[in-house]
Each structure stands twice: as C-alpha cells, then as structure tokens.
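Colleague: Sharing work.csv, CSV, C-alpha atoms:
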chain,number,residue,atom,x,y,z
A,964,MET,CA,102.2,81.0,108.6
A,965,GLU,CA,105.4,82.0,106.9
A,966,ASN,CA,107.8,84.4,108.5
A,967,ILE,CA,107.1,87.8,106.8
A,968,LEU,CA,110.8,88.7,107.0
A,969,ASN,CA,111.6,85.6,104.9
A,970,ILE,CA,108.9,86.6,102.3
A,971,LYS,CA,110.1,90.2,102.0
A,972,ASN,CA,113.6,88.9,101.2
A,973,LEU,CA,112.4,87.0,98.2
A,974,ASN,CA,112.9,88.3,94.7
A,975,ASP,CA,109.7,88.6,92.6
A,976,VAL,CA,110.2,85.3,90.8
A,977,ASP,CA,110.5,83.4,94.1
A,978,ALA,CA,107.6,85.4,95.6
A,979,VAL,CA,105.4,84.2,92.8
A,980,LYS,CA,106.3,80.6,93.6
A,981,SER,CA,105.6,81.3,97.3
A,982,LEU,CA,102.2,82.8,96.5
A,983,GLN,CA,101.3,79.9,94.3
A,984,ALA,CA,102.1,77.4,97.1
A,985,ASN,CA,100.2,79.5,99.7
A,986,PHE,CA,97.2,79.7,97.3
A,987,ALA,CA,97.1,75.9,97.1
A,988,ALA,CA,97.3,75.7,100.9
A,989,ILE,CA,94.4,78.2,101.3
A,990,LYS,CA,92.2,76.2,98.9
A,991,SER,CA,93.0,73.0,100.8
A,992,GLU,CA,92.1,74.5,104.1
A,993,ILE,CA,88.8,76.0,102.8
A,994,ALA,CA,87.9,72.7,101.3
A,995,LYS,CA,87.8,71.2,104.8
A,996,VAL,CA,84.6,73.3,105.4
A,997,ILE,CA,83.3,74.3,101.9
A,998,ILE,CA,82.6,71.5,99.4
A,999,GLY,CA,82.9,72.6,95.8
A,1000,GLN,CA,82.8,76.3,94.8
A,1001,ASP,CA,86.5,76.1,93.7
A,1002,GLU,CA,86.0,78.9,91.1
A,1003,ILE,CA,84.3,81.2,93.6
A,1004,VAL,CA,87.2,80.7,96.1
A,1005,GLU,CA,89.7,81.5,93.4
A,1006,GLN,CA,87.8,84.7,92.4
A,1007,LEU,CA,87.5,85.8,96.0
A,1008,LEU,CA,91.3,85.6,96.5
A,1009,ILE,CA,91.9,87.3,93.1
A,1010,SER,CA,89.7,90.2,94.3
A,1011,LEU,CA,91.5,90.4,97.7
A,1012,LEU,CA,95.0,90.4,96.3
A,1013,ALA,CA,93.9,93.0,93.6
A,1014,ARG,CA,92.6,95.3,96.5
A,1015,GLY,CA,89.0,94.9,95.2
A,1016,HIS,CA,85.7,94.1,96.7
A,1017,CYS,CA,83.1,91.3,95.9
A,1018,LEU,CA,79.4,91.1,95.6
A,1019,LEU,CA,78.1,87.5,96.0
A,1020,ILE,CA,74.7,86.6,94.7
A,1021,GLY,CA,73.0,83.3,95.4
A,1022,VAL,CA,69.9,81.7,96.8
A,1023,PRO,CA,69.8,80.9,100.5
A,1024,GLY,CA,71.7,77.9,101.8
A,1025,LEU,CA,74.7,78.0,99.5
A,1026,ALA,CA,77.1,78.8,102.3
A,1027,LYS,CA,77.9,82.3,101.2
A,1028,THR,CA,78.4,83.5,104.8
A,1029,LEU,CA,80.2,80.4,105.9
A,1030,LEU,CA,82.6,80.7,102.9
A,1031,ILE,CA,83.5,84.3,103.9
A,1032,LYS,CA,84.0,83.5,107.6
A,1033,THR,CA,86.2,80.5,106.7
A,1034,LEU,CA,88.3,82.6,104.3
A,1035,ALA,CA,88.8,85.2,107.1
A,1036,GLU,CA,89.9,82.5,109.5
A,1037,VAL,CA,92.3,80.9,107.1
A,1038,LEU,CA,93.8,84.3,106.4
A,1039,ASP,CA,94.1,85.3,110.0
A,1040,LEU,CA,92.3,88.6,109.5
A,1041,LYS,CA,89.9,90.5,111.7
A,1042,PHE,CA,86.4,89.6,110.5
A,1043,SER,CA,83.2,91.6,111.0
A,1044,ARG,CA,79.7,90.9,110.0
A,1045,ILE,CA,76.8,93.4,109.5
A,1046,GLN,CA,73.3,92.0,109.0
A,1047,PHE,CA,71.7,94.7,106.8
A,1048,THR,CA,68.1,95.4,107.7
A,1049,PRO,CA,65.6,98.2,106.8
A,1050,ASP,CA,66.2,100.0,110.1
A,1051,LEU,CA,70.0,100.0,109.9
A,1052,MET,CA,71.5,103.4,110.2
A,1053,PRO,CA,74.8,104.7,108.7
A,1054,SER,CA,76.3,105.1,112.2
A,1055,ASP,CA,75.6,101.4,112.8
A,1056,ILE,CA,78.2,100.7,110.1
A,1057,THR,CA,80.8,103.4,110.6
A,1058,GLY,CA,80.6,104.1,114.3
A,1059,THR,CA,79.2,106.8,116.5
A,1060,GLU,CA,80.4,109.5,119.0
A,1061,ILE,CA,79.5,109.3,122.6
A,1062,ILE,CA,79.9,111.7,125.5
A,1063,GLU,CA,82.5,110.5,127.9
A,1064,ASP,CA,82.9,111.7,131.5
A,1065,ASN,CA,86.4,112.3,132.9
A,1066,ARG,CA,86.0,111.1,136.6
A,1067,ILE,CA,89.2,113.0,137.7
A,1068,THR,CA,88.4,116.4,136.2
A,1069,GLY,CA,84.7,116.1,136.0
A,1070,SER,CA,84.8,117.3,132.3
A,1071,LYS,CA,83.0,115.8,129.4
A,1072,SER,CA,84.4,115.0,126.0
A,1073,PHE,CA,83.3,113.3,122.8
A,1074,LYS,CA,84.7,109.8,122.1
A,1075,PHE,CA,84.4,108.0,118.7
A,1076,ILE,CA,83.4,104.4,119.1
A,1077,HIS,CA,84.5,102.4,116.0
A,1078,GLY,CA,81.8,100.6,114.1
A,1079,PRO,CA,82.0,97.1,112.5
A,1080,VAL,CA,83.5,98.6,109.3
A,1081,PHE,CA,86.8,98.7,111.2
A,1082,ALA,CA,87.9,95.2,110.2
A,1083,ASN,CA,90.0,93.5,107.6
A,1084,ILE,CA,87.2,91.5,106.0
A,1085,LEU,CA,83.7,93.0,106.3
A,1086,LEU,CA,80.7,90.9,105.4
A,1087,ALA,CA,77.7,93.0,104.4
A,1088,ASP,CA,75.0,90.4,104.6
A,1089,GLU,CA,72.0,91.0,102.4
A,1090,ILE,CA,73.2,94.5,101.5
A,1091,ASN,CA,70.1,95.2,99.4
A,1092,ARG,CA,67.8,95.0,102.5
A,1093,THR,CA,68.8,98.5,103.8
A,1094,PRO,CA,67.9,101.9,102.3
A,1095,PRO,CA,70.2,103.8,100.0
A,1096,LYS,CA,71.3,106.2,102.7
A,1097,THR,CA,72.8,103.4,104.7
A,1098,GLN,CA,74.2,101.6,101.7
A,1099,ALA,CA,76.0,104.8,100.9
A,1100,ALA,CA,77.8,104.7,104.2
A,1101,LEU,CA,80.0,102.0,102.7
A,1102,LEU,CA,80.9,104.0,99.6
A,1103,GLU,CA,83.6,106.1,101.2
A,1104,ALA,CA,85.0,103.2,103.1
A,1105,MET,CA,85.2,101.0,100.0
A,1106,GLN,CA,86.7,103.6,97.8
A,1107,GLU,CA,88.9,105.7,100.1
A,1108,HIS,CA,89.6,103.2,102.8
A,1109,HIS,CA,88.7,105.7,105.5
A,1110,VAL,CA,85.6,106.9,107.5
A,1111,THR,CA,84.7,110.5,108.2
A,1112,ALA,CA,82.7,111.2,111.4
A,1113,ALA,CA,82.0,114.6,112.9
A,1114,GLY,CA,84.6,116.1,110.6
A,1115,GLN,CA,87.3,113.7,111.7
A,1116,LYS,CA,88.9,111.2,109.3
A,1117,TYR,CA,89.6,107.7,110.6
A,1118,ILE,CA,91.8,105.4,108.5
A,1119,LEU,CA,90.8,101.8,108.0
A,1120,GLU,CA,93.4,99.2,108.7
A,1121,GLU,CA,94.8,97.4,105.6
A,1122,PRO,CA,94.0,95.1,104.0
A,1123,PHE,CA,90.4,96.1,103.8
A,1124,PHE,CA,88.1,93.8,101.9
A,1125,VAL,CA,84.2,94.1,101.6
A,1126,LEU,CA,82.2,91.1,100.7
A,1127,ALA,CA,78.5,91.8,100.2
A,1128,THR,CA,75.8,89.1,99.7
A,1129,GLN,CA,72.5,89.4,98.0
A,1130,ASN,CA,69.5,87.1,97.6
A,1131,PRO,CA,68.3,87.1,94.0
A,1132,ILE,CA,64.9,85.5,94.6
A,1133,GLU,CA,63.4,87.5,97.5
A,1134,GLN,CA,62.8,91.0,96.2
A,1135,GLU,CA,60.1,92.2,98.5
A,1136,GLY,CA,61.4,94.8,100.9
A,1137,THR,CA,64.7,95.3,99.1
A,1138,TYR,CA,66.4,98.3,97.8
A,1139,PRO,CA,68.5,97.8,94.5
A,1140,LEU,CA,72.0,98.9,94.8
A,1141,PRO,CA,72.7,102.2,92.9
A,1142,GLU,CA,75.0,101.8,89.8
A,1143,ALA,CA,77.7,104.0,91.6
A,1144,GLN,CA,77.9,101.5,94.4
A,1145,LEU,CA,77.8,98.5,92.2
A,1146,ASP,CA,80.8,99.9,90.3
A,1147,ARG,CA,82.8,99.9,93.6
A,1148,PHE,CA,82.7,96.1,93.5
A,1149,MET,CA,85.5,94.5,91.4
A,1150,PHE,CA,83.6,91.2,91.0
A,1151,ASN,CA,80.0,90.2,90.9
A,1152,LEU,CA,80.0,86.5,91.6
A,1153,TRP,CA,77.0,84.2,91.2
A,1154,LEU,CA,76.9,81.0,93.3
A,1155,GLU,CA,75.3,78.0,91.7
A,1156,TYR,CA,73.6,75.0,93.2
A,1157,PRO,CA,76.0,72.2,94.1
A,1158,SER,CA,76.1,69.0,92.0
A,1159,GLU,CA,74.3,66.0,93.4
A,1160,LYS,CA,77.6,64.4,94.4
A,1161,GLU,CA,78.7,67.6,96.1
A,1162,GLU,CA,75.4,67.9,98.0
A,1163,LEU,CA,75.8,64.3,99.2
A,1164,GLU,CA,79.1,65.2,100.7
A,1165,ILE,CA,77.7,68.4,102.2
A,1166,VAL,CA,74.9,66.6,103.9
A,1167,LYS,CA,77.2,63.9,105.3
A,1168,SER,CA,79.7,66.4,106.7
A,1169,THR,CA,77.2,68.9,108.2
A,1170,THR,CA,74.9,66.3,109.9
A,1171,SER,CA,77.7,64.5,111.7
A,1172,MET,CA,80.0,65.4,114.6
A,1173,TYR,CA,82.8,66.5,112.2
A,1174,VAL,CA,84.3,69.9,113.1
A,1175,ALA,CA,87.1,71.1,110.8
A,1176,SER,CA,90.4,72.3,112.4
A,1177,LEU,CA,91.7,75.2,110.2
A,1178,ASN,CA,95.3,76.3,109.9
A,1179,ARG,CA,96.0,80.0,109.4
A,1180,ILE,CA,98.0,80.3,106.2
A,1181,LEU,CA,98.6,84.1,105.7
A,1182,GLY,CA,98.5,87.1,107.9
A,1183,LYS,CA,98.1,90.9,107.2
A,1184,GLU,CA,101.7,91.6,106.4
A,1185,GLU,CA,102.0,88.7,104.0
A,1186,ILE,CA,98.8,89.7,102.2
A,1187,LEU,CA,100.0,93.3,101.9
A,1188,PHE,CA,103.3,92.0,100.5
A,1189,TYR,CA,101.5,89.9,97.9
A,1190,GLN,CA,99.1,92.8,97.0
A,1191,ASP,CA,102.2,94.9,96.2
A,1192,LEU,CA,103.6,92.0,94.2
A,1193,VAL,CA,100.5,91.9,92.0
A,1194,ARG,CA,101.0,95.6,91.2
A,1195,ARG,CA,104.6,94.9,90.1
A,1196,VAL,CA,103.5,92.2,87.6
A,1197,PRO,CA,104.3,93.4,84.0
A,1198,VAL,CA,101.6,93.3,81.3
A,1199,ALA,CA,102.1,93.3,77.6
A,1200,ASP,CA,100.6,96.2,75.6
A,1201,ASN,CA,98.5,93.9,73.5
A,1202,VAL,CA,96.8,92.4,76.7
A,1203,ILE,CA,95.9,95.9,77.9
A,1204,SER,CA,94.7,96.9,74.4
A,1205,PHE,CA,92.4,93.8,74.4
A,1206,ALA,CA,90.9,94.7,77.8
A,1207,VAL,CA,90.3,98.4,76.8
A,1208,ASN,CA,88.9,97.4,73.4
A,1209,LEU,CA,86.5,95.0,75.0
A,1210,VAL,CA,85.3,97.6,77.5
A,1211,THR,CA,84.8,100.4,75.0
A,1212,ARG,CA,82.7,98.0,72.8
A,1213,THR,CA,80.2,97.8,75.7
A,1214,ARG,CA,79.3,101.4,75.1
A,1215,PRO,CA,76.3,101.7,72.7
A,1216,LYS,CA,77.2,105.3,71.6
A,1217,PHE,CA,80.7,104.2,70.3
A,1218,ALA,CA,81.0,103.7,66.6
A,1219,SER,CA,83.1,100.5,67.1
A,1220,SER,CA,80.3,98.8,69.2
A,1221,PRO,CA,78.5,95.9,67.6
A,1222,GLN,CA,74.9,96.4,66.6
A,1223,PHE,CA,73.6,94.0,69.4
A,1224,ILE,CA,75.3,96.3,72.0
A,1225,LYS,CA,73.5,99.3,70.6
A,1226,ASP,CA,70.2,97.4,70.5
A,1227,TRP,CA,70.4,95.8,74.0
A,1228,LEU,CA,72.3,98.2,76.2
A,1229,SER,CA,71.5,101.7,77.6
A,1230,TRP,CA,74.9,102.2,79.2
A,1231,GLY,CA,78.3,100.4,79.0
A,1232,ALA,CA,81.1,99.9,81.4
A,1233,GLY,CA,83.4,102.7,82.6
A,1234,PRO,CA,87.2,102.9,82.8
A,1235,ARG,CA,87.2,101.1,86.2
A,1236,ALA,CA,86.2,97.9,84.3
A,1237,SER,CA,89.4,98.1,82.2
A,1238,GLN,CA,91.5,98.6,85.3
A,1239,TYR,CA,89.9,95.6,87.1
A,1240,LEU,CA,90.2,93.4,84.0
A,1241,ILE,CA,94.0,93.9,84.0
A,1242,LEU,CA,94.3,93.6,87.8
A,1243,GLY,CA,92.2,90.4,87.8
A,1244,ALA,CA,94.3,89.0,84.9
A,1245,LYS,CA,97.6,89.9,86.7
A,1246,THR,CA,96.4,88.2,89.9
A,1247,ARG,CA,95.2,85.1,88.2
A,1248,ALA,CA,98.5,84.7,86.4
A,1249,VAL,CA,100.6,84.9,89.6
A,1250,LEU,CA,98.3,82.6,91.5
A,1251,GLU,CA,99.1,80.0,88.8
A,1252,GLY,CA,102.8,80.7,89.1
A,1253,ARG,CA,103.1,82.8,85.9
A,1254,HIS,CA,105.0,86.1,85.8
A,1255,SER,CA,102.8,87.9,83.3
A,1256,PRO,CA,99.1,87.6,82.2
A,1257,ASP,CA,97.9,86.8,78.7
A,1258,ILE,CA,94.6,87.5,76.9
A,1259,ASP,CA,93.1,84.3,78.2
A,1260,ASP,CA,93.5,85.6,81.8
A,1261,VAL,CA,91.5,88.7,80.8
A,1262,ARG,CA,88.8,86.5,79.2
A,1263,LYS,CA,88.5,84.4,82.4
A,1264,VAL,CA,87.6,87.5,84.5
A,1265,VAL,CA,85.4,89.3,82.0
A,1266,GLY,CA,82.1,87.9,83.4
A,1267,PRO,CA,82.5,88.8,87.0
A,1268,VAL,CA,83.9,92.3,86.1
A,1269,LEU,CA,81.4,93.3,83.5
A,1270,ARG,CA,78.0,91.7,84.4
A,1271,HIS,CA,77.1,94.4,86.9
A,1272,ARG,CA,78.6,97.3,84.9
A,1273,ILE,CA,76.5,97.1,81.8
A,1274,VAL,CA,72.8,98.3,81.9
A,1275,PRO,CA,70.4,96.4,79.6
A,1276,ASN,CA,67.5,98.3,78.1
A,1277,PHE,CA,63.9,97.2,77.5
A,1278,ASN,CA,64.8,95.5,74.2
A,1279,ALA,CA,67.1,93.1,76.1
A,1280,GLU,CA,64.4,92.3,78.6
A,1281,ALA,CA,61.8,91.8,75.9
A,1282,ASP,CA,64.2,89.4,74.1
A,1283,GLY,CA,64.9,87.5,77.3
A,1284,VAL,CA,68.7,88.3,77.1
A,1285,SER,CA,70.7,88.5,80.4
A,1286,THR,CA,73.8,90.6,81.0
A,1287,ILE,CA,76.1,87.6,81.1
A,1288,GLN,CA,74.7,86.4,77.7
A,1289,ILE,CA,75.5,89.9,76.3
A,1290,VAL,CA,79.0,89.7,77.7
A,1291,GLU,CA,79.6,86.2,76.3
A,1292,LYS,CA,78.3,87.3,72.9
A,1293,LEU,CA,80.6,90.3,72.9
A,1294,LEU,CA,83.6,88.1,73.9
A,1295,ALA,CA,82.9,85.9,70.9
A,1296,THR,CA,83.2,88.9,68.5
A,1297,ILE,CA,86.7,89.7,69.6
Step by step, read the file and then write its structure as structure tokens.
Modeller:
Amino acid sequence: MENILNIKNLNDVDAVKSLQANFAAIKSEIAKVIIGQDEIVEQLLISLLARGHCLLIGVPGLAKTLLIKTLAEVLDLKFSRIQFTPDLMPSDITGTEIIEDNRITGSKSFKFIHGPVFANILLADEINRTPPKTQAALLEAMQEHHVTAAGQKYILEEPFFVLATQNPIEQEGTYPLPEAQLDRFMFNLWLEYPSEKEELEIVKSTTSMYVASLNRILGKEEILFYQDLVRRVPVADNVISFAVNLVTRTRPKFASSPQFIKDWLSWGAGPRASQYLILGAKTRAVLEGRHSPDIDDVRKVVGPVLRHRIVPNFNAEADGVSTIQIVEKLLATI
C-alpha cells in the first residue's frame, strides 16, 4: 500500500494518475480469484469511490459473495457479512444493549454491543429474504452513516459501503425491497453467466490446489482521500444538463417525456438518479485517468443507475418490455 502522506501531498492531476494506477492494480489482484466480471468490478469501485451502495442480482454460483470478500481483502477494509433470513431481527444488524455488572461496585449498567453493520464493507446476503421491518434497519445506516439505539447515536466508521445480493429466480419466501430502500442503492448490477472459455478457467482453478495470495492495494485513508478527489472533479454544464434531461424524461407526467415513457411507466426516477449519474461519470473518468467526465461517461452508468428507479406499469408487462429495455430506448432518443 502507498504511504498516505505521500498521496495527500499530490496535486489533483497527479492524484488522478495515482488512482488510475491503483485501479489497475486492484483489478489485477481481483483477477487472481475472480475470472471475468471486469465490468462489475469497475462498477463496484465506481460506487465505492462515489460513496454509494450496490445491489447485485444474479443466479446462484456466480461468485457474488466471493467477489465482495475479495474486494474487501484487496482494499484492506473491515468486512462483515449478514445472511438475511426470515427470522432476522433489526438488532441482529445494528446491535443490541445488554446489562453489564460492575464487579467492583456491584452496580448494573447498559452496554451497547455493536452489530455487524459496524464495518467498512457490509455484505447483505440475499437481502430480500428478510421482512421489511428488518430491511428498514439498513435504511438509516445507508443514508446517514450512523445507527440509533435506545436514543443514542453511534457513528459508523468511514468508508461505509453496503453491498446487497439478491437471487432473481427463487421468489418463494422473499420480500421485495421497498422503492425507498431501492433508491438508496447507487447501482443495480446484474451478473451474467460466464462465457464457455471463462467457465473452463473457473473450473480449472477452483478444482485444484491453487490458492491465490492477494496483496492489499488501498487502505481506509487512501480510499477516503480518493473519495474526496472524486468530489473535486469539475463537470461541464452540458454534461450535467444531459443527465438531468435524461432523468426528467423518465417521468410520465412531464410534457417532455416520450410517448413510450407515458405508456410504459407509472413512476420515473427522482433527483437522486441525476446526482448518481454525475458522480458515476466523474468517478469513471478519473479511474481512466481523465480529469473531467463527458456525456459518454454518463451514458455508461445510465443502466445501473436507472434500472431500479423506474416503475413499469401493466402495459409494459403485457408488452414484455423490461426496465433496461425502456432505459436503452430512452437513451436512443437523446
């Protein structure tokens, strides 16, 4: 890992070069364990550096959990995993108060025991398997980066990054995430099956004695520095106008919205979508060594940002149109 003092002494131009080099190193380390999924790795890092959260959706066996654990190890961050089940309680996530005896004075007092949410990278595995009451326990932590228990506020350590997974094919015994909670996730990422060539490599490496030795590339202080760097990246007005224009066109009640949006959507995306489009574009630009994003950077993050923020109606379902198809059609009109 680089010396944080050296990084902090860099000007922004050199810091961008440093981040680009570290990004290449991170991808190289993750590739020791994860075969393929290059785009997903990039989008995870974009979300982390933009101070967002990710929802990963994919069928079982696509290494969703392994990818997240590997990312946490390469980034030298505290990792915590919660397996969401129907009987999980909010206190199982945030923590709970216990009565503690003072052996010297004989008095009793309450002590708060931190739950697994007190980590840098939190894996919420199969988040849709737990009831809404427990899902909501994550809302405050994701948005405010703190937890409230018994009237006391406990600040979460930065960086704080939630990665939730969902299985799209097993719907029995699941509780769909409310729109308010979905909106907390910067990206909604869909993991695809590997190619035949990639699957050959996966089988060879996972059925042998091979054990990858991972190097830690970045620590907490470096990540916080790069998160601040992303915020300082300038954006041209026409790029911001493009992002805002795109998001407002997803709203069926707006006069400027295309007819297919009015026909297929009940609700469009809110202002948070515009914010995440710009943050995603800025982060993508600096990861590639550029000092300002362009409209193409916005286009590259539109799918992950919008697919979970627009609500199709019955007409879209009847026509067999998916949310990502609606997003792609909208992009083609601008």
Colleague: At a cut-off of 8 Å around the point (79.2, 88.5, 86.0) (file coordinates), what residues fall inside when counting all atoms listed in the file? I'd like the answer as a PyMOL selection string.
Modeller: chain A and resi 1150-1153+1265-1271+1286-1287
Colleague: Work out how far atom CA of Gly1078 of chain A is from atom CA of Met1149 of chain A, in Å to one decimal.
Modeller: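 Interatomic distance, atom CA of Met1149 of chain A to atom CA of Gly1078 of chain A: 23.8 Å.
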Colleague: Could you list, as a list in words, every residue within 9 Å of Ala1199 of chain A, counting only C-alpha atoms and ignoring same-chain residues fewer than 4 positions away?
Modeller: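 The residues satisfying every condition are Ile1203, Ser1204, Ser1255, Pro1256 and Asp1257 of chain A.
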Colleague: Contacts of Asn1091 of chain A at 10 Å or less, counting all atoms listed in the file, minus same-chain residues fewer than 5 places along, as a PyMOL selection string?
Modeller: chain A and resi 1047-1049+1098+1127-1131+1134+1136-1141
Colleague: Give me the residues near Ser1158 of chain A as a CSV table (one decimal) with C-alpha atoms, in the coordinates of the input, where near means some atom within 12 Å (using all atoms listed in the file) and where sequence neighbours in that chain fewer than 2 positions away do not count.
Modeller:
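Result went into part_24.csv, see below:
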chain,number,residue,atom,x,y,z
A,998,ILE,CA,82.6,71.5,99.4
A,999,GLY,CA,82.9,72.6,95.8
A,1000,GLN,CA,82.8,76.3,94.8
A,1025,LEU,CA,74.7,78.0,99.5
A,1155,GLU,CA,75.3,78.0,91.7
A,1156,TYR,CA,73.6,75.0,93.2
A,1160,LYS,CA,77.6,64.4,94.4
A,1161,GLU,CA,78.7,67.6,96.1
A,1162,GLU,CA,75.4,67.9,98.0
A,1163,LEU,CA,75.8,64.3,99.2
A,1164,GLU,CA,79.1,65.2,100.7
A,1165,ILE,CA,77.7,68.4,102.2
Colleague: Using only C-alpha atoms, which residue out of A:Asn1276, A:Asn974, A:Ser1168, A:Asn1083 lies closest to Pro1215 of chain A?
Modeller: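 Using only C-alpha atoms, Pro1215 of chain A sits closest to A:Asn1276.
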Colleague: Check the smallest atom-to-atom distance from each of A:Glu1107, A:Glu1142, A:Asp1055, A:Glu1159 to His1077 of chain A using all atoms listed in the file, then report the winner.
Modeller: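 Once distances to His1077 of chain A are computed over all atoms listed in the file, the minimum belongs to A:Asp1055.
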Colleague: Which residue out of A:Arg1262, A:Arg1194, A:Lys1096, A:Lys1183 has the minimum interatomic distance to Ala1013 of chain A when all atoms listed in the file are used?
Modeller: A:Arg1194
Colleague: Between A:Lys1225, A:Lys1071, A:Arg1179, A:Lys1263, which one has atoms that come closest to Ile993 of chain A, using only C-alpha atoms?
Modeller: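 When distances to Ile993 of chain A are compared using only C-alpha atoms, the smallest one comes from A:Arg1179.
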Colleague: Given only C-alpha atoms as the basis, pick out the residue of A:Lys1245, A:Leu1294, A:Gly1231, A:Pro1095 nearest to Pro1275 of chain A.
Modeller: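 Of all the options, A:Gly1231 lies closest to Pro1275 of chain A.
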Colleague: At what distance in Å, to one decimal, does atom CA of Glu1280 of chain A lie from atom CA of Phe1148 of chain A?
Modeller: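 Separating atom CA of Phe1148 of chain A from atom CA of Glu1280 of chain A is a distance of 23.9 Å.
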Colleague: Please measure the separation of atom CA of Ser1229 of chain A and atom CA of Val1274 of chain A, giving the value in Å to one decimal.
Modeller: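 Atom-to-atom, atom CA of Ser1229 of chain A to atom CA of Val1274 of chain A, that is 5.6 Å.
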Colleague: From the options A:Leu1145, A:Ile1031, A:Ala1113, A:Val1166, which residue's atoms come nearest to Leu1007 of chain A, counting only C-alpha atoms?
Modeller: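 Of A:Leu1145, A:Ile1031, A:Ala1113, A:Val1166, the one nearest Leu1007 of chain A is A:Ile1031, counting only C-alpha atoms.
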Colleague: Please determine the residues with any atom at most 12 Å from (110.2, 87.7, 95.9) (coordinates as given in the file, with all atoms listed in the file counting) and report them as a PyMOL selection string.
Modeller: chain A and resi 967-983+1185+1188-1189+1191-1193+1195-1196+1249+1254
Colleague: If you count all atoms listed in the file, which residues fall within 6 Å of segment 1235-1242 of chain A, apart from same-chain ones fewer than 2 positions away, as a PyMOL selection string?
Modeller: chain A and resi 1013+1206-1207+1233+1244-1245+1261
Colleague: At a cut-off of 9 Å, using all atoms listed in the file, what residues contact Ile1009 of chain A? Leave out same-chain residues fewer than 5 positions from it and give the result as a VMD selection string.
Modeller: chain A and resid 1004 1014 to 1015 1242 to 1247 1250
Colleague: Complete segment 982-1001 of chain A at the level of N, CA and C atoms, written as a PDB file, in the coordinates of the input.
Modeller:
ATOM      1  N   LEU A 982     103.607  82.529  96.541  1.00  0.00           N
ATOM      2  CA  LEU A 982     102.200  82.800  96.500  1.00  0.00           C
ATOM      3  C   LEU A 982     101.401  81.645  95.928  1.00  0.00           C
ATOM      4  N   GLN A 983     101.945  81.010  94.893  1.00  0.00           N
ATOM      5  CA  GLN A 983     101.300  79.900  94.300  1.00  0.00           C
ATOM      6  C   GLN A 983     101.122  78.727  95.324  1.00  0.00           C
ATOM      7  N   ALA A 984     102.172  78.490  96.115  1.00  0.00           N
ATOM      8  CA  ALA A 984     102.100  77.400  97.100  1.00  0.00           C
ATOM      9  C   ALA A 984     101.117  77.798  98.236  1.00  0.00           C
ATOM     10  N   ASN A 985     101.106  79.071  98.642  1.00  0.00           N
ATOM     11  CA  ASN A 985     100.200  79.500  99.700  1.00  0.00           C
ATOM     12  C   ASN A 985      98.714  79.438  99.165  1.00  0.00           C
ATOM     13  N   PHE A 986      98.515  79.740  97.886  1.00  0.00           N
ATOM     14  CA  PHE A 986      97.200  79.700  97.300  1.00  0.00           C
ATOM     15  C   PHE A 986      96.659  78.233  97.337  1.00  0.00           C
ATOM     16  N   ALA A 987      97.522  77.272  97.015  1.00  0.00           N
ATOM     17  CA  ALA A 987      97.100  75.900  97.100  1.00  0.00           C
ATOM     18  C   ALA A 987      96.773  75.469  98.519  1.00  0.00           C
ATOM     19  N   ALA A 988      97.558  75.976  99.486  1.00  0.00           N
ATOM     20  CA  ALA A 988      97.300  75.700 100.900  1.00  0.00           C
ATOM     21  C   ALA A 988      95.978  76.266 101.366  1.00  0.00           C
ATOM     22  N   ILE A 989      95.689  77.495 100.915  1.00  0.00           N
ATOM     23  CA  ILE A 989      94.400  78.200 101.300  1.00  0.00           C
ATOM     24  C   ILE A 989      93.243  77.375 100.749  1.00  0.00           C
ATOM     25  N   LYS A 990      93.317  76.962  99.497  1.00  0.00           N
ATOM     26  CA  LYS A 990      92.200  76.200  98.900  1.00  0.00           C
ATOM     27  C   LYS A 990      92.025  74.873  99.652  1.00  0.00           C
ATOM     28  N   SER A 991      93.132  74.257 100.053  1.00  0.00           N
ATOM     29  CA  SER A 991      93.000  73.000 100.800  1.00  0.00           C
ATOM     30  C   SER A 991      92.371  73.170 102.134  1.00  0.00           C
ATOM     31  N   GLU A 992      92.698  74.266 102.838  1.00  0.00           N
ATOM     32  CA  GLU A 992      92.100  74.500 104.100  1.00  0.00           C
ATOM     33  C   GLU A 992      90.583  74.837 104.003  1.00  0.00           C
ATOM     34  N   ILE A 993      90.235  75.679 103.020  1.00  0.00           N
ATOM     35  CA  ILE A 993      88.800  76.000 102.800  1.00  0.00           C
ATOM     36  C   ILE A 993      88.010  74.806 102.447  1.00  0.00           C
ATOM     37  N   ALA A 994      88.627  73.868 101.697  1.00  0.00           N
ATOM     38  CA  ALA A 994      87.900  72.700 101.300  1.00  0.00           C
ATOM     39  C   ALA A 994      87.544  71.762 102.451  1.00  0.00           C
ATOM     40  N   LYS A 995      88.168  71.980 103.625  1.00  0.00           N
ATOM     41  CA  LYS A 995      87.800  71.200 104.800  1.00  0.00           C
ATOM     42  C   LYS A 995      86.361  71.587 105.272  1.00  0.00           C
ATOM     43  N   VAL A 996      85.946  72.823 104.924  1.00  0.00           N
ATOM     44  CA  VAL A 996      84.600  73.300 105.400  1.00  0.00           C
ATOM     45  C   VAL A 996      83.669  73.464 104.188  1.00  0.00           C
ATOM     46  N   ILE A 997      84.174  74.005 103.084  1.00  0.00           N
ATOM     47  CA  ILE A 997      83.300  74.300 101.900  1.00  0.00           C
ATOM     48  C   ILE A 997      83.568  73.235 100.846  1.00  0.00           C
ATOM     49  N   ILE A 998      82.523  72.556 100.450  1.00  0.00           N
ATOM     50  CA  ILE A 998      82.600  71.500  99.400  1.00  0.00           C
ATOM     51  C   ILE A 998      82.228  72.142  98.077  1.00  0.00           C
ATOM     52  N   GLY A 999      83.129  71.998  97.096  1.00  0.00           N
ATOM     53  CA  GLY A 999      82.900  72.600  95.800  1.00  0.00           C
ATOM     54  C   GLY A 999      83.228  74.105  95.820  1.00  0.00           C
ATOM     55  N   GLN A1000      82.612  74.868  94.928  1.00  0.00           N
ATOM     56  CA  GLN A1000      82.800  76.300  94.800  1.00  0.00           C
ATOM     57  C   GLN A1000      84.270  76.722  94.632  1.00  0.00           C
ATOM     58  N   ASP A1001      85.047  75.867  93.941  1.00  0.00           N
ATOM     59  CA  ASP A1001      86.500  76.100  93.700  1.00  0.00           C
ATOM     60  C   ASP A1001      86.691  77.441  92.965  1.00  0.00           C
TER      61      ASP A1001
END
